[in-house]
Each structure stands twice: as structure tokens, then as C-alpha cells.
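Input: a single structure, listed below in C-alpha cells.
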Amino acid sequence: MDIAKLESAVKFIRKAKYTVAFTGAGISVASGIPPFRGKNGLWNKTSPIFLEIEFFNKKPLQSWKKIKEIFYDSLGDAEPNIAHEVLAKMEKRSFLESVITQNIDHLHQKAGNKYVYELHGTYKQLVCTECSSEYDMSFADLNYLPPTCYICKGILKPDMVFFNEPIPPFAKKRSFEEAEKADVFLIIGTNAEVLPAADIPVTAKKHGAKIIEINIKETHFTREITDVFLQGDAAEIMKQIGKLLYL
């Protein structure tokens, strides 16, 4: 680990008036949640068709069987790792204003972050495809698929963004607003190749933010907008940042 770069990043955070974190799958790997892409990515083992909204609407039972296997049989037991915990402590100590995440795993909230904007929704809630009623996931008995709405008997869908679905308007709006306010913007565990997520760090840079990037390998951000690139595992690097911030 490059100590000089690490100290430079921490100096930016200490001086910042408004720091925002932008996280992806890489921050949750240490919690036992595999990324979607890459060598051990989910899409190497499972077809993404099960998360296409058209497929879900036509064949909800098939979709739900795979969704239960991928998400609900594993995410419920996942716990925040040191990277999530450091971000929560940073917020508590006023070193961090908010987290923008592409993850659906709810681990930032579980760690204690209060201001979290979920670009891709969350597995923790279900929404009725007919009447739009919302339920906590604990409402549904996933031994009986697909789960149905208590009010209208419509099929319930996880309240996360499927392929070909739009980003939730509120989360999108607030994410870009946070990026515009930031004077330090932390990219952690994501290469954010999909729009509009890819534009959020770029927006922060255009509005004058220093970009600190923590990733296993270089991304298009590294070459184009990053000021300090910390290469390595998100959990290990955030642990070191936490120590230098005396968290």
C-alpha cells in the first residue's frame, strides 16, 4: 500500500467540508457477497435474463426462484465489513455527509449510515406489480413463490432496479445533488460503467471535488478524473483510513 497516497487521501478528507462516498459491489465482497462482473462474478454462473423486467413479468415464478437463490438465501445473513463500519463512523464524526450506493444489500444502513441513496433499490422491500403497495421483505413467505400482494393479490417484485427499468427518481436526483455539493468524492469498489451511475463521479469532478478512488485495479475513472488512486481491497484500505482518522 502506498502510504504517501493514503496520507494524501486522509488529508483531503480532514480538510473537506462535504465528503460523499460512492460505492459498488467491491465494498461488499468482504461480507461474502460476490460481485456481478469479473472473474468470480455472478453473471459467470447465472444468466442475467432472470433480472430482466420483461422476463420477470412473463415468467415471475422462474424469476423468483433464481432471485431467491441469488439474493434472499444469502443476503439476510450478510454482515457489514470494516469498510462499511468505517463509513458509518465517518458519518458519525462528520467526516462524511452521505453514501450513494449501487448495492442493494442494505449493509450501509446496517452498519449505521443514515444518509444512504440507493441507486438500484434494495432487496429489503417488495413492491406490488399491480397496485404498487410496498412491503418489508419479512412480510413474504418465500417458501411459496411468487409472493403476492395482501391487498390486490398482484405479484410482488423485489424493490430493486431490474434490467430495462429506470433508476428511482428520488435516488437519482439526490445522488446528483450530493455529487454537486461534494468537495471530496470517494469512489469505493466500483467502475460504474452503467449510466447514469457513471456520470455521478464525473459530475462531482466538474463541480470541483477531489476524487479519491479505491479499487482493486484501475478503471476509466483512474485515467480521467481520479486525484488519488488507492489500489487494493476496499476493506483493507478503508481500515487504514479509519486508523488515520482515529475512528
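Quick note on naming: the chains in the C-alpha cells go A, B, ... in the order shown, residues restart at 1 in each chain, and ligands are numbered from 1 in order of appearance.
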- Would you please give, as a ChimeraX atom specification, all residues of segment 4-199 of chain A that DSSP assigns to helix (DSSP H, G or I) based on the backbone? /A:4-15,25-27,29-31,42-44,48-51,53-58,60-72,75-77,82-92,107-111,137-139,169-181,199
- Message: Applying 10 Å and only C-alpha atoms, which residues near Leu195 of chain A remain after dropping the ones on its own chain fewer than 4 positions away? List them as a list in words.
- Response: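 Contacts, in chain order: Ile167, Asp199 and Ile200 of chain A.
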Using N, CA and C atoms, can you export the residues from the last selection as a PDB file, in the first residue's frame?
ATOM      1  N   ILE A 167     -33.939   4.123 -13.046  1.00  0.00           N
ATOM      2  CA  ILE A 167     -33.437   4.388 -11.690  1.00  0.00           C
ATOM      3  C   ILE A 167     -34.532   5.125 -10.914  1.00  0.00           C
ATOM      4  N   ASP A 199     -22.024   8.770 -14.544  1.00  0.00           N
ATOM      5  CA  ASP A 199     -21.948  10.234 -14.635  1.00  0.00           C
ATOM      6  C   ASP A 199     -21.843  10.923 -13.272  1.00  0.00           C
ATOM      7  N   ILE A 200     -22.134  10.194 -12.198  1.00  0.00           N
ATOM      8  CA  ILE A 200     -22.172  10.834 -10.877  1.00  0.00           C
ATOM      9  C   ILE A 200     -20.784  11.297 -10.425  1.00  0.00           C
TER      10      ILE A 200
END
- Note on the structure: In Å and to one decimal, atom CA of Ser28 of chain A is distant from atom CA of Ile13 of chain A by 22.1 Å
- Can you tell me, as an NGL selection string, what residues are no more than 7 Å from segment 149-154 of chain A when counting only C-alpha atoms, ignoring any on the same chain fewer than 2 positions away? :A and (128-131 or 156)
- Long-range neighbours of Ala88 of chain A as an MDAnalysis selection string, 8 Å cut-off, only C-alpha atoms, 4 positions minimum in chain: chainID A and resid 84 92 108 111:113
Include all heavy atoms and write out the residues we just selected as a PDB file, in the first residue's frame.
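Saved file result_9.pdb follows:
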ATOM      1  N   HIS A  84     -17.693  -0.821   5.508  1.00  0.00           N
ATOM      2  CA  HIS A  84     -18.999  -0.240   5.846  1.00  0.00           C
ATOM      3  C   HIS A  84     -18.930   0.453   7.213  1.00  0.00           C
ATOM      4  O   HIS A  84     -19.464   1.548   7.393  1.00  0.00           O
ATOM      5  CB  HIS A  84     -20.082  -1.320   5.908  1.00  0.00           C
ATOM      6  CG  HIS A  84     -20.329  -2.052   4.631  1.00  0.00           C
ATOM      7  ND1 HIS A  84     -19.856  -3.317   4.402  1.00  0.00           N
ATOM      8  CD2 HIS A  84     -21.010  -1.698   3.507  1.00  0.00           C
ATOM      9  CE1 HIS A  84     -20.235  -3.723   3.206  1.00  0.00           C
ATOM     10  NE2 HIS A  84     -20.934  -2.755   2.642  1.00  0.00           N
ATOM     11  N   LYS A  92     -20.740   9.608  11.528  1.00  0.00           N
ATOM     12  CA  LYS A  92     -20.995   9.962  12.931  1.00  0.00           C
ATOM     13  C   LYS A  92     -20.058  11.074  13.408  1.00  0.00           C
ATOM     14  O   LYS A  92     -20.445  11.934  14.202  1.00  0.00           O
ATOM     15  CB  LYS A  92     -20.826   8.716  13.803  1.00  0.00           C
ATOM     16  CG  LYS A  92     -21.410   8.854  15.189  1.00  0.00           C
ATOM     17  CD  LYS A  92     -21.381   7.519  15.924  1.00  0.00           C
ATOM     18  CE  LYS A  92     -22.025   7.652  17.299  1.00  0.00           C
ATOM     19  NZ  LYS A  92     -21.999   6.361  18.034  1.00  0.00           N
ATOM     20  N   HIS A 108     -24.914  -0.695   4.240  1.00  0.00           N
ATOM     21  CA  HIS A 108     -24.550   0.629   4.755  1.00  0.00           C
ATOM     22  C   HIS A 108     -25.475   1.028   5.912  1.00  0.00           C
ATOM     23  O   HIS A 108     -25.026   1.520   6.944  1.00  0.00           O
ATOM     24  CB  HIS A 108     -24.631   1.679   3.646  1.00  0.00           C
ATOM     25  CG  HIS A 108     -23.527   1.584   2.649  1.00  0.00           C
ATOM     26  ND1 HIS A 108     -22.207   1.741   2.997  1.00  0.00           N
ATOM     27  CD2 HIS A 108     -23.534   1.340   1.310  1.00  0.00           C
ATOM     28  CE1 HIS A 108     -21.450   1.612   1.912  1.00  0.00           C
ATOM     29  NE2 HIS A 108     -22.235   1.362   0.889  1.00  0.00           N
ATOM     30  N   ALA A 111     -24.771  -0.978   8.987  1.00  0.00           N
ATOM     31  CA  ALA A 111     -23.560  -0.530   9.683  1.00  0.00           C
ATOM     32  C   ALA A 111     -23.803   0.741  10.480  1.00  0.00           C
ATOM     33  O   ALA A 111     -23.076   1.030  11.431  1.00  0.00           O
ATOM     34  CB  ALA A 111     -22.441  -0.298   8.673  1.00  0.00           C
ATOM     35  N   GLY A 112     -24.833   1.512  10.089  1.00  0.00           N
ATOM     36  CA  GLY A 112     -25.163   2.713  10.839  1.00  0.00           C
ATOM     37  C   GLY A 112     -25.233   4.002  10.048  1.00  0.00           C
ATOM     38  O   GLY A 112     -25.542   5.052  10.603  1.00  0.00           O
ATOM     39  N   ASN A 113     -24.964   3.957   8.730  1.00  0.00           N
ATOM     40  CA  ASN A 113     -25.119   5.173   7.919  1.00  0.00           C
ATOM     41  C   ASN A 113     -26.589   5.555   7.829  1.00  0.00           C
ATOM     42  O   ASN A 113     -27.450   4.706   7.578  1.00  0.00           O
ATOM     43  CB  ASN A 113     -24.558   4.965   6.518  1.00  0.00           C
ATOM     44  CG  ASN A 113     -23.048   5.101   6.463  1.00  0.00           C
ATOM     45  OD1 ASN A 113     -22.341   4.102   6.362  1.00  0.00           O
ATOM     46  ND2 ASN A 113     -22.557   6.325   6.537  1.00  0.00           N
TER      47      ASN A 113
END
- Item | Best match for closeness to Glu91 of chain A among A:Lys11, A:Ala140, A:Pro34, A:Thr19, counting only C-alpha atoms | A:Thr19
- Message: Ranking A:Ser47, A:Thr23, A:Ser98, A:Ser138 by minimum distance to Lys181 of chain A and counting only C-alpha atoms, which one comes first?
- Response: A:Ser98
- Task: Quick one: everything within 9 Å of Glu79 of chain A, counting only C-alpha atoms, minus sequence neighbours fewer than 4 positions away in the same chain. Send it as a VMD selection string.
- Result: chain A and resid 31 to 32 75 107 110 to 111
Selected residues written out with N, CA, C and O atoms, as an mmCIF file, in the first residue's frame:
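File written: out34.cif
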data_model
loop_
_atom_site.group_PDB
_atom_site.id
_atom_site.type_symbol
_atom_site.label_atom_id
_atom_site.label_comp_id
_atom_site.auth_asym_id
_atom_site.auth_seq_id
_atom_site.Cartn_x
_atom_site.Cartn_y
_atom_site.Cartn_z
ATOM 1 N N SER A 31 -17.879 -9.043 2.793
ATOM 2 C CA SER A 31 -19.053 -9.517 3.544
ATOM 3 C C SER A 31 -19.600 -10.814 2.959
ATOM 4 O O SER A 31 -20.646 -11.297 3.365
ATOM 5 N N GLY A 32 -18.869 -11.361 1.980
ATOM 6 C CA GLY A 32 -19.270 -12.635 1.380
ATOM 7 C C GLY A 32 -20.248 -12.514 0.233
ATOM 8 O O GLY A 32 -20.845 -13.500 -0.186
ATOM 9 N N LEU A 75 -28.259 -13.002 1.349
ATOM 10 C CA LEU A 75 -28.069 -11.632 1.822
ATOM 11 C C LEU A 75 -28.532 -11.411 3.252
ATOM 12 O O LEU A 75 -27.981 -10.570 3.961
ATOM 13 N N LEU A 107 -26.317 -2.983 3.506
ATOM 14 C CA LEU A 107 -25.273 -3.100 4.523
ATOM 15 C C LEU A 107 -24.797 -1.744 5.049
ATOM 16 O O LEU A 107 -24.330 -1.653 6.186
ATOM 17 N N LYS A 110 -27.197 -1.036 7.736
ATOM 18 C CA LYS A 110 -26.977 -1.992 8.817
ATOM 19 C C LYS A 110 -25.757 -1.591 9.646
ATOM 20 O O LYS A 110 -25.713 -1.796 10.864
ATOM 21 N N ALA A 111 -24.771 -0.978 8.987
ATOM 22 C CA ALA A 111 -23.560 -0.530 9.683
ATOM 23 C C ALA A 111 -23.803 0.741 10.480
ATOM 24 O O ALA A 111 -23.076 1.030 11.431
#
- Message: Taking only C-alpha atoms into account, name the residue in A:Val10, A:Leu145, A:Glu118, A:Phe163 that is nearest to Glu54 of chain A.
- Response: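 Of A:Val10, A:Leu145, A:Glu118, A:Phe163, the one nearest Glu54 of chain A, counting only C-alpha atoms, is A:Phe163.
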- Find, counting only C-alpha atoms, the residue in A:Asn57, A:Ser175, A:Asn143, A:Asn81 that gets nearest to Thr101 of chain A.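 Result for the nearest residue to Thr101 of chain A: A:Ser175.
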